[in-house]
file entry-v4.cif (mmCIF, C-alpha atoms)
data_input
#
loop_
_atom_site.label_atom_id
_atom_site.label_comp_id
_atom_site.auth_asym_id
_atom_site.auth_seq_id
_atom_site.Cartn_x
_atom_site.Cartn_y
_atom_site.Cartn_z
CA MET A 191 3.85 19.15 5.51
CA LYS A 192 5.82 22.39 5.30
CA CYS A 193 6.42 21.72 1.59
CA VAL A 194 2.69 21.37 1.11
CA THR A 195 1.27 24.09 3.37
CA THR A 196 3.80 26.89 2.85
CA VAL A 197 3.99 26.94 -0.93
CA ARG A 198 3.15 30.18 -2.74
CA TYR A 199 2.59 30.65 -6.45
CA GLN A 200 3.22 33.59 -8.72
CA ILE A 201 2.16 33.77 -12.34
CA LYS A 202 3.80 35.75 -15.11
CA VAL A 203 1.19 37.57 -17.22
CA ASN A 204 2.33 39.65 -20.20
CA GLY A 205 5.88 39.73 -18.81
CA THR A 206 4.82 40.93 -15.32
CA PHE A 207 4.49 38.75 -12.22
CA THR A 208 1.18 38.74 -10.33
CA HIS A 209 0.92 38.94 -6.55
CA GLN A 210 1.80 35.72 -4.74
CA PHE A 211 -1.06 33.47 -3.71
CA CYS A 212 -1.48 30.22 -1.76
CA PRO A 213 -3.39 27.23 -3.10
CA LEU A 214 -6.57 26.52 -1.16
CA ARG A 215 -7.29 22.95 -2.31
CA GLY A 216 -4.12 21.13 -1.26
CA LEU A 217 -1.98 19.07 -3.60
CA ARG A 218 -2.94 18.88 -7.21
CA GLN A 219 -2.15 16.28 -9.82
CA GLY A 220 0.82 17.46 -11.84
CA GLY A 221 2.34 19.39 -8.93
CA PRO A 222 6.06 18.89 -8.26
CA LEU A 223 5.45 16.71 -5.18
CA SER A 224 2.49 14.69 -6.48
CA PRO A 225 4.50 11.81 -8.05
CA TYR A 226 6.40 11.24 -4.81
CA LEU A 227 3.30 11.42 -2.67
CA PHE A 228 1.49 9.01 -4.99
CA VAL A 229 4.31 6.47 -4.59
CA ILE A 230 4.24 6.83 -0.79
CA CYS A 231 0.45 6.42 -0.65
CA ALA A 232 0.49 3.57 -3.18
CA GLU A 233 3.04 1.78 -1.00
CA GLY A 234 0.61 2.02 1.92
CA LEU A 235 -2.25 0.59 -0.15
CA SER A 236 0.03 -2.15 -1.46
CA ALA A 237 1.06 -3.08 2.10
CA LEU A 238 -2.60 -3.35 3.17
CA LEU A 239 -3.41 -5.61 0.22
CA CYS A 240 -0.32 -7.80 0.78
CA HIS A 241 -1.22 -8.13 4.48
CA ALA A 242 -4.72 -9.33 3.56
CA GLU A 243 -3.19 -11.84 1.10
CA GLU A 244 -0.80 -13.15 3.76
CA HIS A 245 -3.75 -13.69 6.13
CA GLY A 246 -5.79 -15.44 3.44
CA THR A 247 -8.62 -12.89 3.31
CA LEU A 248 -7.76 -11.81 -0.25
CA HIS A 249 -6.55 -13.98 -3.11
CA GLY A 250 -4.99 -12.64 -6.29
CA VAL A 251 -5.16 -14.26 -9.69
CA LYS A 252 -2.68 -16.47 -11.54
CA ILE A 253 -2.17 -16.63 -15.28
CA CYS A 254 -0.97 -20.23 -14.97
CA PRO A 255 -0.51 -22.75 -12.12
CA ARG A 256 3.20 -21.97 -11.54
CA ALA A 257 2.86 -18.18 -11.80
CA PRO A 258 2.78 -15.97 -8.70
CA CYS A 259 -0.55 -14.54 -7.53
CA VAL A 260 -1.15 -10.92 -8.46
CA SER A 261 -3.66 -8.99 -6.36
CA HIS A 262 -2.91 -5.46 -7.51
CA LEU A 263 -1.17 -3.42 -10.19
CA LEU A 264 -0.38 0.25 -9.58
CA PHE A 265 0.62 2.59 -12.38
CA ALA A 266 0.64 6.39 -12.81
CA ASP A 267 -2.36 7.40 -10.71
CA ASP A 268 -4.46 4.31 -11.45
CA SER A 269 -4.85 1.02 -9.63
CA MET A 270 -6.12 -2.36 -10.77
CA LEU A 271 -7.21 -4.73 -8.00
CA LEU A 272 -7.59 -8.43 -8.80
CA LEU A 273 -9.39 -10.81 -6.46
CA ARG A 274 -11.87 -13.64 -6.29
CA ALA A 275 -15.53 -12.80 -6.98
CA GLN A 276 -16.68 -13.70 -3.47
CA GLN A 277 -18.63 -11.65 -0.93
CA GLN A 278 -15.96 -12.13 1.77
CA GLU A 279 -13.21 -10.80 -0.51
CA ALA A 280 -15.35 -7.86 -1.64
CA THR A 281 -16.00 -6.99 2.01
CA THR A 282 -12.28 -7.26 2.82
CA LEU A 283 -11.42 -5.00 -0.12
CA HIS A 284 -14.09 -2.50 0.90
CA ASN A 285 -12.65 -2.37 4.44
CA ILE A 286 -9.11 -1.91 3.08
CA LEU A 287 -10.22 0.95 0.82
CA GLN A 288 -12.04 2.64 3.71
CA LEU A 289 -8.92 2.37 5.88
CA TYR A 290 -6.79 3.69 3.01
CA GLU A 291 -9.09 6.68 2.56
CA ALA A 292 -9.06 7.44 6.29
CA CYS A 293 -5.28 7.20 6.58
CA SER A 294 -4.24 8.90 3.33
CA GLY A 295 -6.92 11.56 3.05
CA GLN A 296 -7.53 10.44 -0.54
CA CYS A 297 -10.98 9.46 -1.72
CA ILE A 298 -11.83 6.67 -4.12
CA ASN A 299 -13.70 8.17 -7.07
CA THR A 300 -16.52 5.65 -7.52
CA GLU A 301 -17.70 7.40 -10.70
CA LYS A 302 -14.37 6.56 -12.36
CA SER A 303 -14.22 3.06 -10.84
CA ALA A 304 -15.60 -0.16 -12.27
CA ILE A 305 -16.02 -3.76 -11.18
CA MET A 306 -15.74 -6.61 -13.66
CA PHE A 307 -16.04 -10.34 -13.15
CA SER A 308 -14.83 -13.28 -15.22
CA PRO A 309 -16.91 -14.15 -18.32
CA THR A 310 -18.82 -16.79 -16.35
CA GLN A 311 -20.06 -14.17 -13.90
CA THR A 312 -22.50 -11.28 -14.26
CA ILE A 313 -20.86 -7.90 -14.95
CA ARG A 314 -21.64 -5.34 -12.25
CA THR A 315 -20.62 -1.71 -12.70
CA GLU A 316 -22.04 0.01 -9.61
CA PRO A 317 -19.65 0.93 -6.76
CA LEU A 318 -18.94 -1.44 -3.88
#
call {"tool": "encode", "arguments": {"input": "entry-v4.cif", "output": "structure tokens"}}
result
Amino acid sequence: MKCVTTVRYQIKVNGTFTHQFCPLRGLRQGGPLSPYLFVICAEGLSALLCHAEEHGTLHGVKICPRAPCVSHLLFADDSMLLLRAQQQEATTLHNILQLYEACSGQCINTEKSAIMFSPTQTIRTEPL
């Protein structure tokens, strides 16, 4: 936390440095620590999803019968979660995301999130 709470910035304007200032909004995307912190947080989310899979409360998808199940893909600062279109699994996912938010301090942006179902299901785009 010292790396996060004790940082000070100084900007060079027209060849002269401004006074130092501290950020007031915490970590920002693109900051020097943000890629590492994303990986650490993503590992926590991944562990929660894997735990639910091991206990049979979430099921990933397979591209063919002999392929492994995939329940989540994490890349850059985006996540894709794959599960069965069942109320129980949606509830489990909702609980996992709430726990993740509480533990990590991150918030799921529901305005940038979407839910899609297989072509045989109705498409629903409102948040969980």
call {"tool": "resolve_selection", "arguments": {"input": "entry-v4.cif", "expression": "the PyMOL selection byres ((chain A and resi 228) around 12)", "output": "compact mmCIF listing (two decimals) with C-alpha atoms, keeping the file's coordinate frame"}}
result
# COMPACT_ATOMS: atom_id res chain seq x y z
CA LEU A 217 -1.98 19.07 -3.60
CA ARG A 218 -2.94 18.88 -7.21
CA GLN A 219 -2.15 16.28 -9.82
CA GLY A 220 0.82 17.46 -11.84
CA GLY A 221 2.34 19.39 -8.93
CA PRO A 222 6.06 18.89 -8.26
CA LEU A 223 5.45 16.71 -5.18
CA SER A 224 2.49 14.69 -6.48
CA PRO A 225 4.50 11.81 -8.05
CA TYR A 226 6.40 11.24 -4.81
CA LEU A 227 3.30 11.42 -2.67
CA VAL A 229 4.31 6.47 -4.59
CA ILE A 230 4.24 6.83 -0.79
CA CYS A 231 0.45 6.42 -0.65
CA ALA A 232 0.49 3.57 -3.18
CA GLU A 233 3.04 1.78 -1.00
CA GLY A 234 0.61 2.02 1.92
CA LEU A 235 -2.25 0.59 -0.15
CA SER A 236 0.03 -2.15 -1.46
CA LEU A 264 -0.38 0.25 -9.58
CA PHE A 265 0.62 2.59 -12.38
CA ALA A 266 0.64 6.39 -12.81
CA ASP A 267 -2.36 7.40 -10.71
CA ASP A 268 -4.46 4.31 -11.45
CA SER A 269 -4.85 1.02 -9.63
CA SER A 294 -4.24 8.90 3.33
CA GLY A 295 -6.92 11.56 3.05
CA GLN A 296 -7.53 10.44 -0.54
call {"tool": "closest_residue", "arguments": {"input": "entry-v4.cif", "among": "A:Cys240, A:Leu263, A:Leu248, A:Ile286", "to": "A:Ile298", "atoms": "only C-alpha atoms"}}
result
A:Ile286
call {"tool": "closest_residue", "arguments": {"input": "entry-v4.cif", "among": "A:Leu287, A:Leu239, A:Val260, A:Val197", "to": "A:Thr300", "atoms": "all atoms listed in the file"}}
result
A:Leu287
call {"tool": "residues_around", "arguments": {"input": "entry-v4.cif", "residues": "A:His209", "least_positions_apart": "2", "cutoff": "7 Å", "atoms": "all atoms listed in the file", "output": "list in words"}}
result
Gln200, Phe207 and Phe211 of chain A
call {"tool": "closest_residue", "arguments": {"input": "entry-v4.cif", "among": "A:Glu279, A:Asn285, A:Glu291, A:Leu271", "to": "A:Ile305", "atoms": "all atoms listed in the file"}}
result
A:Leu271
call {"tool": "atom_distance", "arguments": {"input": "entry-v4.cif", "atom1": "atom CA of A:Gln278", "atom2": "atom CA of A:Cys259"}}
result
18.2 Å
call {"tool": "atom_distance", "arguments": {"input": "entry-v4.cif", "atom1": "atom CA of A:Gly246", "atom2": "atom CA of A:Ser303"}}
result
24.8 Å
call {"tool": "closest_residue", "arguments": {"input": "entry-v4.cif", "among": "A:Thr282, A:Arg256, A:Ser308, A:Tyr199", "to": "A:His241", "atoms": "only C-alpha atoms"}}
result
A:Thr282
call {"tool": "atom_distance", "arguments": {"input": "entry-v4.cif", "atom1": "atom CA of A:Gln288", "atom2": "atom CA of A:Met306"}}
result
20.0 Å
call {"tool": "closest_residue", "arguments": {"input": "entry-v4.cif", "among": "A:Cys297, A:Ala257, A:Val251, A:Thr206", "to": "A:Leu273", "atoms": "only C-alpha atoms"}}
result
A:Val251
